[in-house]
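Quick look at protein00.tsv (TSV, C-alpha atoms and all ligand atoms):
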chain	number	residue	atom	x	y	z
A	27	MET	CA	2.37	-27.51	-9.67
A	28	ASN	CA	4.71	-25.25	-7.76
A	29	SER	CA	8.40	-25.85	-7.17
A	30	CYS	CA	8.04	-28.08	-4.10
A	31	GLY	CA	6.66	-30.84	-6.36
A	32	LEU	CA	5.78	-34.29	-5.00
A	33	ARG	CA	6.48	-33.42	-1.39
A	34	CYS	CA	3.86	-30.67	-1.50
A	35	LEU	CA	1.37	-32.88	-3.33
A	36	PHE	CA	1.73	-35.47	-0.58
A	37	ILE	CA	1.31	-32.88	2.19
A	38	LEU	CA	-1.65	-31.35	0.39
A	39	LEU	CA	-3.46	-34.66	-0.03
A	40	SER	CA	-2.79	-35.58	3.59
A	41	PHE	CA	-3.65	-32.23	5.13
A	42	PRO	CA	-5.92	-30.28	2.73
A	43	TYR	CA	-6.74	-27.70	5.43
A	44	LEU	CA	-3.18	-26.41	5.07
A	45	LEU	CA	-4.20	-24.63	1.87
A	46	GLN	CA	-6.84	-22.58	3.64
A	47	ALA	CA	-5.60	-19.67	5.66
A	48	ASP	CA	-7.02	-19.84	9.16
A	49	LEU	CA	-7.37	-16.12	9.79
A	50	SER	CA	-9.02	-14.72	12.90
A	51	SER	CA	-9.08	-11.45	14.81
A	52	ASP	CA	-7.78	-13.11	18.00
A	53	TYR	CA	-5.21	-15.30	16.27
A	54	TYR	CA	-2.41	-14.34	18.68
A	55	SER	CA	-4.49	-14.18	21.87
A	56	LYS	CA	-2.87	-17.33	23.28
A	57	THR	CA	0.48	-17.41	21.52
A	58	CYS	CA	1.33	-13.71	21.86
A	59	PRO	CA	-1.14	-12.01	24.21
A	60	ASP	CA	0.75	-8.69	24.08
A	61	PHE	CA	0.65	-8.56	20.26
A	62	ASP	CA	-1.86	-5.72	19.91
A	63	GLN	CA	-0.54	-3.60	22.73
A	64	THR	CA	3.09	-3.93	21.60
A	65	LEU	CA	2.25	-3.15	17.99
A	66	VAL	CA	0.20	-0.07	18.85
A	67	GLN	CA	2.89	1.24	21.22
A	68	VAL	CA	5.67	1.00	18.62
A	69	VAL	CA	3.42	2.43	15.89
A	70	THR	CA	2.44	5.40	18.09
A	71	ASP	CA	6.04	6.21	19.04
A	72	LYS	CA	7.15	6.04	15.42
A	73	GLN	CA	4.28	8.12	14.04
A	74	ILE	CA	4.93	10.84	16.63
A	75	ALA	CA	8.65	10.89	15.80
A	76	ALA	CA	8.12	10.72	12.01
A	77	PRO	CA	4.60	11.82	10.94
A	78	THR	CA	5.13	10.72	7.33
A	79	THR	CA	5.19	7.10	8.53
A	80	ALA	CA	1.40	6.63	8.18
A	81	ALA	CA	1.28	7.37	4.45
A	82	GLY	CA	4.53	5.53	3.77
A	83	THR	CA	3.31	2.39	5.54
A	84	LEU	CA	-0.07	2.45	3.81
A	85	ARG	CA	1.71	2.57	0.46
A	86	LEU	CA	4.12	-0.20	1.54
A	87	PHE	CA	1.11	-2.36	2.49
A	88	PHE	CA	-0.50	-1.66	-0.91
A	89	HIS	CA	2.64	-2.54	-2.86
A	90	ASP	CA	3.09	-5.74	-0.85
A	91	CYS	CA	-0.50	-6.95	-1.20
A	92	MET	CA	-0.86	-6.20	-4.95
A	93	VAL	CA	1.98	-8.59	-5.75
A	94	ASP	CA	0.79	-12.11	-4.85
A	95	GLY	CA	-1.12	-11.08	-1.72
A	96	CYS	CA	-0.11	-9.68	1.68
A	97	ASP	CA	2.91	-11.87	2.38
A	98	ALA	CA	5.67	-9.41	3.36
A	99	SER	CA	7.56	-10.25	0.16
A	100	ILE	CA	8.19	-6.51	-0.21
A	101	LEU	CA	10.33	-6.54	2.95
A	102	VAL	CA	12.92	-9.07	1.78
A	103	ALA	CA	16.32	-7.58	0.97
A	104	SER	CA	18.01	-8.50	-2.30
A	105	THR	CA	20.99	-10.84	-2.17
A	106	SER	CA	23.86	-11.30	-4.59
A	107	GLY	CA	21.88	-14.18	-6.11
A	108	LYS	CA	18.43	-12.59	-6.35
A	109	THR	CA	16.92	-9.15	-6.69
A	110	SER	CA	13.78	-8.92	-4.59
A	111	GLU	CA	10.55	-6.94	-5.03
A	112	ARG	CA	11.67	-3.92	-3.09
A	113	ASP	CA	14.33	-3.23	-5.71
A	114	ALA	CA	11.85	-3.04	-8.59
A	115	ASP	CA	11.95	0.55	-9.84
A	116	ILE	CA	8.36	1.33	-8.81
A	117	ASN	CA	9.29	0.45	-5.22
A	118	HIS	CA	12.41	2.63	-4.98
A	119	SER	CA	10.41	5.54	-3.57
A	120	LEU	CA	8.90	3.50	-0.73
A	121	PRO	CA	10.12	5.36	2.33
A	122	GLY	CA	12.71	4.02	4.76
A	123	ASP	CA	10.56	5.01	7.75
A	124	ALA	CA	7.92	2.47	6.78
A	125	PHE	CA	10.46	-0.38	6.57
A	126	ASP	CA	12.01	0.83	9.82
A	127	LEU	CA	8.63	0.71	11.57
A	128	ILE	CA	8.11	-2.95	10.65
A	129	THR	CA	11.63	-3.83	11.84
A	130	ARG	CA	10.95	-2.12	15.18
A	131	ILE	CA	7.65	-3.91	15.72
A	132	LYS	CA	9.19	-7.25	14.76
A	133	THR	CA	12.11	-6.73	17.15
A	134	ALA	CA	9.77	-5.84	20.03
A	135	LEU	CA	7.56	-8.87	19.32
A	136	GLU	CA	10.46	-11.30	18.95
A	137	LEU	CA	11.53	-10.36	22.49
A	138	LYS	CA	8.05	-11.16	23.85
A	139	CYS	CA	7.06	-14.15	21.74
A	140	PRO	CA	9.83	-15.41	19.46
A	141	ASN	CA	8.98	-16.97	16.08
A	142	VAL	CA	5.25	-16.44	16.45
A	143	VAL	CA	4.07	-13.27	14.69
A	144	SER	CA	4.50	-13.07	10.91
A	145	CYS	CA	5.90	-10.00	9.19
A	146	SER	CA	2.84	-9.90	6.92
A	147	ASP	CA	0.51	-9.67	9.94
A	148	ILE	CA	2.72	-6.92	11.37
A	149	LEU	CA	2.47	-4.88	8.14
A	150	VAL	CA	-1.32	-5.30	8.01
A	151	GLY	CA	-1.74	-4.48	11.72
A	152	ALA	CA	0.55	-1.44	11.56
A	153	THR	CA	-1.30	-0.07	8.52
A	154	ARG	CA	-4.64	-0.50	10.21
A	155	SER	CA	-3.44	1.31	13.37
A	156	LEU	CA	-1.92	4.18	11.41
A	157	VAL	CA	-5.02	4.77	9.29
A	158	LYS	CA	-7.04	5.13	12.49
A	159	MET	CA	-4.38	7.31	14.10
A	160	VAL	CA	-4.52	9.89	11.30
A	161	GLY	CA	-8.31	10.14	11.39
A	162	GLY	CA	-9.43	7.25	9.17
A	163	PRO	CA	-11.90	4.44	9.81
A	164	ARG	CA	-11.56	1.42	12.05
A	165	ILE	CA	-10.66	-1.55	9.88
A	166	ASN	CA	-11.50	-5.07	11.06
A	167	VAL	CA	-8.42	-7.13	10.38
A	168	LYS	CA	-7.79	-10.79	10.87
A	169	TYR	CA	-4.41	-12.37	11.49
A	170	GLY	CA	-2.70	-15.67	10.75
A	171	ARG	CA	-0.94	-14.92	7.47
A	172	LYS	CA	2.37	-16.58	6.76
A	173	ASP	CA	5.32	-14.84	5.11
A	174	SER	CA	6.39	-15.61	1.55
A	175	LEU	CA	9.27	-17.95	0.84
A	176	ASP	CA	10.14	-15.95	-2.24
A	177	SER	CA	10.47	-12.35	-3.39
A	178	ASP	CA	11.29	-11.66	-6.99
A	179	MET	CA	11.66	-8.28	-8.69
A	180	ASN	CA	10.35	-9.79	-11.92
A	181	ARG	CA	6.95	-10.51	-10.39
A	182	VAL	CA	6.22	-6.80	-9.81
A	183	GLU	CA	5.89	-5.42	-13.34
A	184	GLY	CA	2.27	-5.20	-14.47
A	185	LYS	CA	0.83	-5.66	-10.99
A	186	LEU	CA	1.03	-2.04	-9.85
A	187	ALA	CA	-0.66	0.84	-11.63
A	188	ARG	CA	1.24	3.88	-12.83
A	189	PRO	CA	-0.19	7.41	-13.01
A	190	ASN	CA	-0.02	7.61	-16.83
A	191	MET	CA	-1.86	4.35	-17.55
A	192	THR	CA	-5.28	4.38	-19.17
A	193	MET	CA	-8.29	3.82	-16.90
A	194	ASP	CA	-8.95	0.51	-18.73
A	195	HIS	CA	-5.48	-0.66	-17.80
A	196	ILE	CA	-5.74	0.51	-14.18
A	197	ILE	CA	-9.15	-1.14	-13.73
A	198	SER	CA	-7.80	-4.37	-15.19
A	199	ILE	CA	-4.80	-4.37	-12.81
A	200	PHE	CA	-7.08	-3.96	-9.79
A	201	GLY	CA	-9.44	-6.56	-11.26
A	202	SER	CA	-6.58	-9.07	-11.44
A	203	ALA	CA	-6.05	-8.46	-7.74
A	204	GLY	CA	-9.71	-9.38	-7.15
A	205	LEU	CA	-10.94	-5.81	-6.62
A	206	THR	CA	-14.02	-4.19	-8.15
A	207	VAL	CA	-14.10	-0.67	-9.62
A	208	GLN	CA	-15.86	0.61	-6.51
A	209	GLU	CA	-13.27	-0.99	-4.21
A	210	MET	CA	-10.52	0.50	-6.36
A	211	VAL	CA	-11.96	4.02	-6.09
A	212	ALA	CA	-12.30	3.60	-2.31
A	213	LEU	CA	-8.73	2.34	-1.91
A	214	VAL	CA	-7.22	5.10	-4.06
A	215	GLY	CA	-8.80	7.45	-1.50
A	216	SER	CA	-5.59	6.66	0.41
A	217	HIS	CA	-4.18	9.58	-1.57
A	218	THR	CA	-5.90	11.76	1.01
A	219	ILE	CA	-2.57	11.54	2.87
A	220	GLY	CA	1.08	11.54	1.88
A	221	PHE	CA	2.93	13.05	-1.01
A	222	SER	CA	4.24	12.39	-4.52
A	223	HIS	CA	7.60	13.29	-6.01
A	224	CYS	CA	7.46	15.89	-8.77
A	225	LYS	CA	8.67	13.43	-11.39
A	226	GLU	CA	5.40	11.48	-10.93
A	227	PHE	CA	3.30	14.37	-12.26
A	228	ALA	CA	5.86	16.59	-14.04
A	229	SER	CA	4.65	15.56	-17.49
A	230	ARG	CA	1.22	17.04	-16.61
A	231	ILE	CA	2.41	20.46	-15.50
A	232	PHE	CA	5.44	20.95	-17.74
A	233	ASN	CA	4.08	20.52	-21.21
A	234	SER	CA	7.07	20.56	-23.52
A	235	ASN	CA	5.50	23.11	-25.88
A	236	ALA	CA	4.08	25.32	-23.19
A	237	GLU	CA	6.64	24.94	-20.40
A	238	HIS	CA	7.20	28.65	-20.11
A	239	SER	CA	3.64	29.70	-20.62
A	240	ALA	CA	2.14	31.01	-17.39
A	241	ASP	CA	-1.35	30.04	-18.57
A	242	PHE	CA	-0.59	26.45	-19.41
A	243	CYS	CA	-2.97	24.18	-17.53
A	244	PRO	CA	-3.37	20.44	-18.05
A	245	GLU	CA	-6.85	19.24	-18.88
A	246	GLY	CA	-9.04	19.12	-15.81
A	247	MET	CA	-6.55	20.80	-13.49
A	248	ASN	CA	-7.31	23.98	-11.61
A	249	SER	CA	-5.12	26.66	-13.24
A	250	LYS	CA	-3.91	28.26	-9.98
A	251	TYR	CA	-3.03	24.83	-8.64
A	252	ALA	CA	-1.07	24.07	-11.82
A	253	ALA	CA	0.86	27.32	-11.45
A	254	GLU	CA	1.68	26.57	-7.78
A	255	LEU	CA	2.86	23.08	-8.64
A	256	ARG	CA	5.07	24.43	-11.42
A	257	LYS	CA	6.70	26.77	-8.91
A	258	LEU	CA	7.12	24.03	-6.33
A	259	CYS	CA	8.67	21.62	-8.81
A	260	SER	CA	10.68	24.11	-10.86
A	261	ASN	CA	13.93	22.53	-9.73
A	262	TYR	CA	12.85	18.90	-9.75
A	263	THR	CA	15.31	17.69	-12.38
A	264	LYS	CA	18.18	18.77	-10.13
A	265	ASP	CA	16.56	17.91	-6.80
A	266	ALA	CA	14.83	14.52	-7.05
A	267	GLU	CA	13.35	14.89	-3.56
A	268	MET	CA	11.03	17.74	-4.58
A	269	SER	CA	7.47	16.68	-3.90
A	270	ALA	CA	3.89	17.86	-3.32
A	271	PHE	CA	1.13	16.75	-0.96
A	272	ASN	CA	-1.38	14.36	-2.56
A	273	ASP	CA	-4.20	16.27	-0.87
A	274	VAL	CA	-3.28	19.93	-0.92
A	275	PHE	CA	-5.91	21.06	1.62
A	276	THR	CA	-5.72	18.46	4.45
A	277	PRO	CA	-2.50	16.56	3.67
A	278	GLY	CA	-2.04	14.81	7.02
A	279	LYS	CA	-5.64	13.93	7.72
A	280	PHE	CA	-7.40	10.82	6.49
A	281	ASP	CA	-10.72	12.25	5.27
A	282	ASN	CA	-12.80	12.48	2.07
A	283	MET	CA	-11.12	15.69	0.90
A	284	TYR	CA	-9.31	13.74	-1.85
A	285	TYR	CA	-12.62	13.23	-3.70
A	286	LYS	CA	-13.71	16.83	-3.23
A	287	ASN	CA	-10.35	17.89	-4.63
A	288	LEU	CA	-10.91	15.77	-7.74
A	289	GLN	CA	-14.25	17.46	-8.37
A	290	HIS	CA	-12.51	20.85	-8.42
A	291	GLY	CA	-9.41	20.00	-10.43
A	292	TYR	CA	-7.04	19.46	-7.52
A	293	GLY	CA	-6.06	15.90	-8.41
A	294	LEU	CA	-2.28	15.62	-8.32
A	295	LEU	CA	-1.54	12.53	-10.41
A	296	GLU	CA	-2.97	12.00	-13.87
A	297	SER	CA	-4.64	8.80	-12.61
A	298	ASP	CA	-6.21	10.68	-9.68
A	299	GLN	CA	-7.81	13.25	-11.93
A	300	ALA	CA	-8.85	10.59	-14.43
A	301	ILE	CA	-11.07	8.77	-11.92
A	302	ALA	CA	-13.19	11.91	-11.65
A	303	PHE	CA	-13.83	11.87	-15.41
A	304	ASP	CA	-14.32	8.21	-16.27
A	305	ASN	CA	-17.98	7.13	-16.34
A	306	ARG	CA	-17.23	3.93	-14.44
A	307	THR	CA	-15.43	5.64	-11.55
A	308	ARG	CA	-17.02	9.10	-11.33
A	309	PRO	CA	-20.24	7.97	-9.55
A	310	PHE	CA	-18.12	6.67	-6.65
A	311	VAL	CA	-16.03	9.86	-6.56
A	312	ASP	CA	-19.26	11.87	-6.28
A	313	LEU	CA	-20.63	9.55	-3.60
A	314	TYR	CA	-17.50	9.66	-1.43
A	315	ALA	CA	-17.07	13.42	-1.89
A	316	ALA	CA	-20.62	13.96	-0.62
A	317	ASN	CA	-20.57	11.39	2.15
A	318	GLU	CA	-17.49	10.69	4.25
A	319	THR	CA	-19.22	7.86	6.13
A	320	ALA	CA	-19.87	6.06	2.84
A	321	PHE	CA	-16.17	6.46	1.98
A	322	PHE	CA	-14.98	5.21	5.37
A	323	ASP	CA	-17.29	2.16	5.23
A	324	ALA	CA	-16.21	1.30	1.69
A	325	PHE	CA	-12.53	1.86	2.47
A	326	ALA	CA	-12.61	-0.31	5.61
A	327	LYS	CA	-14.43	-3.15	3.82
A	328	ALA	CA	-12.13	-3.00	0.79
A	329	MET	CA	-9.02	-3.03	3.00
A	330	GLU	CA	-10.35	-6.01	4.94
A	331	LYS	CA	-11.07	-7.96	1.75
A	332	PHE	CA	-7.80	-6.94	0.07
A	333	SER	CA	-5.74	-7.96	3.11
A	334	GLU	CA	-7.27	-11.45	3.18
A	335	GLN	CA	-6.81	-12.45	-0.44
A	336	ARG	CA	-4.17	-14.91	-1.68
A	337	VAL	CA	-2.82	-15.28	1.84
A	338	LYS	CA	0.08	-17.69	2.39
A	339	THR	CA	-0.42	-20.70	4.65
A	340	GLU	CA	1.82	-23.29	6.36
A	341	LEU	CA	2.18	-24.95	3.00
A	342	ASN	CA	3.67	-22.06	1.05
A	343	GLY	CA	4.88	-19.70	3.77
A	344	ASP	CA	6.32	-19.43	7.24
A	345	VAL	CA	7.01	-16.94	10.03
A	346	ARG	CA	10.21	-15.13	9.16
A	347	ARG	CA	12.50	-14.42	12.11
A	348	ARG	CA	13.78	-11.32	10.36
A	349	CYS	CA	11.43	-9.57	8.01
A	350	ASP	CA	14.18	-8.79	5.51
A	351	GLN	CA	15.58	-12.33	5.29
A	352	TYR	CA	14.31	-15.86	4.74
A	353	ASN	CA	14.79	-18.25	7.64
A	354	ASP	CA	17.96	-20.26	7.43
A	355	TYR	CA	16.94	-23.75	8.50
A	356	TRP	CA	20.37	-25.19	7.78
A	357	GLY	CA	22.50	-22.61	9.58
B	1	LIG	C1	-4.42	4.09	-9.68
B	1	LIG	C2	-3.77	3.52	-8.72
B	1	LIG	C3	-2.58	4.16	-8.06
B	1	LIG	C4	-1.52	4.80	-8.62
B	1	LIG	C5	-1.25	5.04	-10.09
B	1	LIG	C6	-0.68	5.26	-7.54
B	1	LIG	C7	0.51	5.94	-7.69
B	1	LIG	C8	1.18	6.57	-6.67
B	1	LIG	C9	2.35	7.39	-6.84
B	1	LIG	C10	3.06	7.63	-8.16
B	1	LIG	C11	2.67	7.89	-5.63
B	1	LIG	C12	3.84	8.83	-5.32
B	1	LIG	C13	5.04	8.03	-4.85
B	1	LIG	C14	6.24	8.90	-4.59
B	1	LIG	O1	6.49	9.82	-5.37
B	1	LIG	O2	6.96	8.66	-3.59
B	1	LIG	C15	1.72	7.38	-4.68
B	1	LIG	C16	1.72	7.69	-3.34
B	1	LIG	C17	0.91	7.06	-2.43
B	1	LIG	N1	0.03	6.03	-2.69
B	1	LIG	FE1	-0.66	5.49	-4.50
B	1	LIG	N2	-1.25	4.88	-6.36
B	1	LIG	C18	-2.40	4.20	-6.62
B	1	LIG	C19	-3.23	3.62	-5.69
B	1	LIG	C20	-2.99	3.55	-4.34
B	1	LIG	C21	-3.70	2.74	-3.38
B	1	LIG	C22	-4.84	1.79	-3.75
B	1	LIG	C23	-3.16	2.99	-2.15
B	1	LIG	C24	-3.48	2.38	-0.81
B	1	LIG	C25	-4.25	1.32	-0.61
B	1	LIG	C26	-2.13	3.99	-2.34
B	1	LIG	C27	-1.43	4.58	-1.33
B	1	LIG	C28	-0.54	5.64	-1.51
B	1	LIG	C29	-0.03	6.47	-0.43
B	1	LIG	C30	-0.46	6.42	1.02
B	1	LIG	C31	0.88	7.35	-1.01
B	1	LIG	C32	1.73	8.41	-0.30
B	1	LIG	C33	3.05	7.76	0.10
B	1	LIG	C34	3.96	8.62	0.95
B	1	LIG	O3	3.61	9.74	1.31
B	1	LIG	O4	5.07	8.13	1.28
B	1	LIG	N3	-2.03	4.29	-3.66
B	1	LIG	N4	0.83	6.56	-5.34
Same coordinates, now as structure tokens:
Amino acid sequence: MNSCGLRCLFILLSFPYLLQADLSSDYYSKTCPDFDQTLVQVVTDKQIAAPTTAAGTLRLFFHDCMVDGCDASILVASTSGKTSERDADINHSLPGDAFDLITRIKTALELKCPNVVSCSDILVGATRSLVKMVGGPRINVKYGRKDSLDSDMNRVEGKLARPNMTMDHIISIFGSAGLTVQEMVALVGSHTIGFSHCKEFASRIFNSNAEHSADFCPEGMNSKYAAELRKLCSNYTKDAEMSAFNDVFTPGKFDNMYYKNLQHGYGLLESDQAIAFDNRTRPFVDLYAANETAFFDAFAKAMEKFSEQRVKTELNGDVRRRCDQYNDYWG
């Protein structure tokens, strides 16, 4: 049993429906009729002012939902007593613009309908709008999630894949989050936008024995691409901001170019390139490279499913007034 003990058991036995999230696409139609319009307006303004917001927010959504479901636990700031998820090392590179976007939407919505819209719904809704805005598919999303009452750095390790993990390990991490291999390949197609810091792929392009060899090319990587990346990242140990586009040909557009890139050795991260070689994942890479509609359908369905799993309810969550802090019911 969780930490709320007998009180929760009593509530649960009395009101079993509380455990089931009551998600619906028009969840806020009565309580916050301007929800959609306000969210889209703030998202549009932000994306125009800072075009990297779309990729940053999509990654923020992913890192939130992989750790105990989409519950905005990633947004909570650490306190002197507890280090929260966002301070886990894998989350350090999540961009400030994405957090800023959620704060702006929350502020706008609190003015219109205070204490109604959860931060987790805002993150899901913003991600969905941004994917569409940069050329991706329409995702059907439902709302009604509650925000987590906890955010703990120690719950992150092992729940997010790293580029140098084996495909077995990566598949098992996605499997633990309730996702199939096909859904995983579709979701990783998110790397059709955004960028990665050089340190994330440096071990591929700077082989310690062949660092100065112009011909050195990691297995499966296009040799000209490897040479360009080496140039781009030559200073990365001194300048940690150095980075490369995930999709070198259409970096700002959500399309199926990511999969075509993999087929020709233009995968940036080791894990990207690996999904084009593994027998379990390659058929889906080939399918999505050949057919963008198949990719968009699979991506939209996987996002919908992913965003609805392990959702918090009245029993184990609430609507945070500030996305970066728990509500203070005693203050
Ligand atoms: C095998 C699984 C995955 C691994 C190992 C992985 C790893 C990474 C790494 C290392 C970066 C670069 C971060 C940086 O340097 O700032 C990145 C970027 C990104 N990832 Fe993934 N990722 C995976 C799957 C996913 C999935 C499933 C999504 C979305 C649902 C996603 C969305 C993104 C986006 C949009 C970016 C670009 C972020 C930006 O431009 O700010 N990734 N990923």
Within 6 Å of ligand LIG 1 (chain B) (counting all atoms listed in the file), which residues show up? I'd like them as a PyMOL selection string. chain A and resi 81-82+84-85+88+119+121+187-189+196+213-214+216-217+219-223+226+297
Might you pull out every residue within 10 Å of region 200-204 of chain A, with only C-alpha atoms counted and same-chain residues fewer than 2 positions away left off, and present them as a ChimeraX atom specification? /A:91-95,185-187,195-198,206-207,209-210,331-332,335-336
Interatomic distance, CA of Asp344 (chain A) to CA of Tyr53 (chain A) (Å, one decimal): 15.2 Å
Neighbouring residues of region 103-112 of chain A were defined as those with any atom within 12 Å, considering all atoms listed in the file; residues of the same chain fewer than 6 positions away were excluded. Please report them as a PyMOL selection string. chain A and resi 86+89-94+97+118-122+125+174-183+185-186+348-352
Need the shell around Ala320 (chain A): protein/DNA/RNA residues with any atom at most 12 Å away, counting only C-alpha atoms. Skip same-chain ones fewer than 6 positions apart. Format as an mmCIF file with C-alpha atoms, in the frame of the given file?
data_model
loop_
_atom_site.group_PDB
_atom_site.id
_atom_site.type_symbol
_atom_site.label_atom_id
_atom_site.label_comp_id
_atom_site.auth_asym_id
_atom_site.auth_seq_id
_atom_site.Cartn_x
_atom_site.Cartn_y
_atom_site.Cartn_z
ATOM 1 C CA PRO A 163 -11.900 4.440 9.810
ATOM 2 C CA GLN A 208 -15.860 0.610 -6.510
ATOM 3 C CA GLU A 209 -13.270 -0.990 -4.210
ATOM 4 C CA ALA A 212 -12.300 3.600 -2.310
ATOM 5 C CA GLY A 215 -8.800 7.450 -1.500
ATOM 6 C CA ASP A 281 -10.720 12.250 5.270
ATOM 7 C CA ASN A 282 -12.800 12.480 2.070
ATOM 8 C CA PHE A 310 -18.120 6.670 -6.650
ATOM 9 C CA VAL A 311 -16.030 9.860 -6.560
ATOM 10 C CA ASP A 312 -19.260 11.870 -6.280
ATOM 11 C CA LEU A 313 -20.630 9.550 -3.600
ATOM 12 C CA TYR A 314 -17.500 9.660 -1.430
ATOM 13 C CA ALA A 326 -12.610 -0.310 5.610
ATOM 14 C CA LYS A 327 -14.430 -3.150 3.820
#
Which one is closest to Tyr284 (chain A): A:Thr218, A:Ile165, A:Pro244, A:Cys259? Count all atoms listed in the file.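 Of A:Thr218, A:Ile165, A:Pro244, A:Cys259, the one nearest Tyr284 (chain A) is A:Thr218, counting all atoms listed in the file.
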Closest of A:Ser144, A:Thr263, A:Ser155, A:Gln289 to Thr70 (chain A) - atom-to-atom distances counting all atoms listed in the file: A:Ser155
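Separating CA of Ile128 (chain A) from CA of Glu340 (chain A) is a distance of 21.7 Å.
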At what distance in Å, to one decimal, does CA of Thr78 (chain A) lie from CA of Ser269 (chain A)? 12.9 Å
Answer as a list in words, residues within 10 Å of (1.1, -7.4, 10.1) using only C-alpha atoms: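 The answer, in the requested form, is Leu65, Phe87, Cys96, Asp97, Ala98, Ile128, Ile131, Lys132, Val143, Ser144, Cys145, Ser146, Asp147, Ile148, Leu149, Val150, Gly151, Ala152, Thr153, Arg154, Val167, Lys168, Tyr169, Gly170, Arg171, Lys172, Asp173 and Ser333 of chain A.
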Counting all atoms listed in the file, find the residues whose atoms lie at most 7 Å from (0.2, 15.5, -15.2) (file coordinates) and write them out as an MDAnalysis selection string. chainID A and resid 227:231 244 295:296
Counting all atoms listed in the file, the option among A:Glu330, A:Tyr285, A:Asp298, A:Cys224 closest to Met268 (chain A):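 Smallest separation from Met268 (chain A) among the options: A:Cys224.
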Non-local contacts of Ala76 (chain A) (10 Å; only C-alpha atoms; under 4 positions in same chain excluded) as a PDB file with C-alpha atoms, in the frame of the given file:
ATOM      1  CA  THR A  70       2.440   5.400  18.090  1.00  0.00           C
ATOM      2  CA  ASP A  71       6.040   6.210  19.040  1.00  0.00           C
ATOM      3  CA  LYS A  72       7.150   6.040  15.420  1.00  0.00           C
ATOM      4  CA  ALA A  80       1.400   6.630   8.180  1.00  0.00           C
ATOM      5  CA  ASP A 123      10.560   5.010   7.750  1.00  0.00           C
ATOM      6  CA  ALA A 124       7.920   2.470   6.780  1.00  0.00           C
TER       7      ALA A 124
END
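Considering all atoms listed in the file, the residue among A:Leu127, A:Val274, A:Leu135, A:Ile100 positioned nearest to Thr64 (chain A) is A:Leu135.
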Could you tell me which of A:Ala47, A:Ala114, A:Val157, A:Cys58 comes closest to Thr79 (chain A) if we count only C-alpha atoms?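 The answer is A:Val157, which sits nearest to Thr79 (chain A).
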Any chance you could work out the axis-aligned box around region 92-103 of chain A, listed atoms only, 5 Å on each side, giving centre and edge lengths in Å to one decimal, as AutoDock Vina command-line options?
--center_x 7.6 --center_y -9.2 --center_z -1.2 --size_x 27.4 --size_y 15.9 --size_z 19.1
So, counting all atoms listed in the file, which residue among A:Lys225, A:Val102, A:Pro77, A:Asn248 is closest to Pro277 (chain A)? A:Pro77
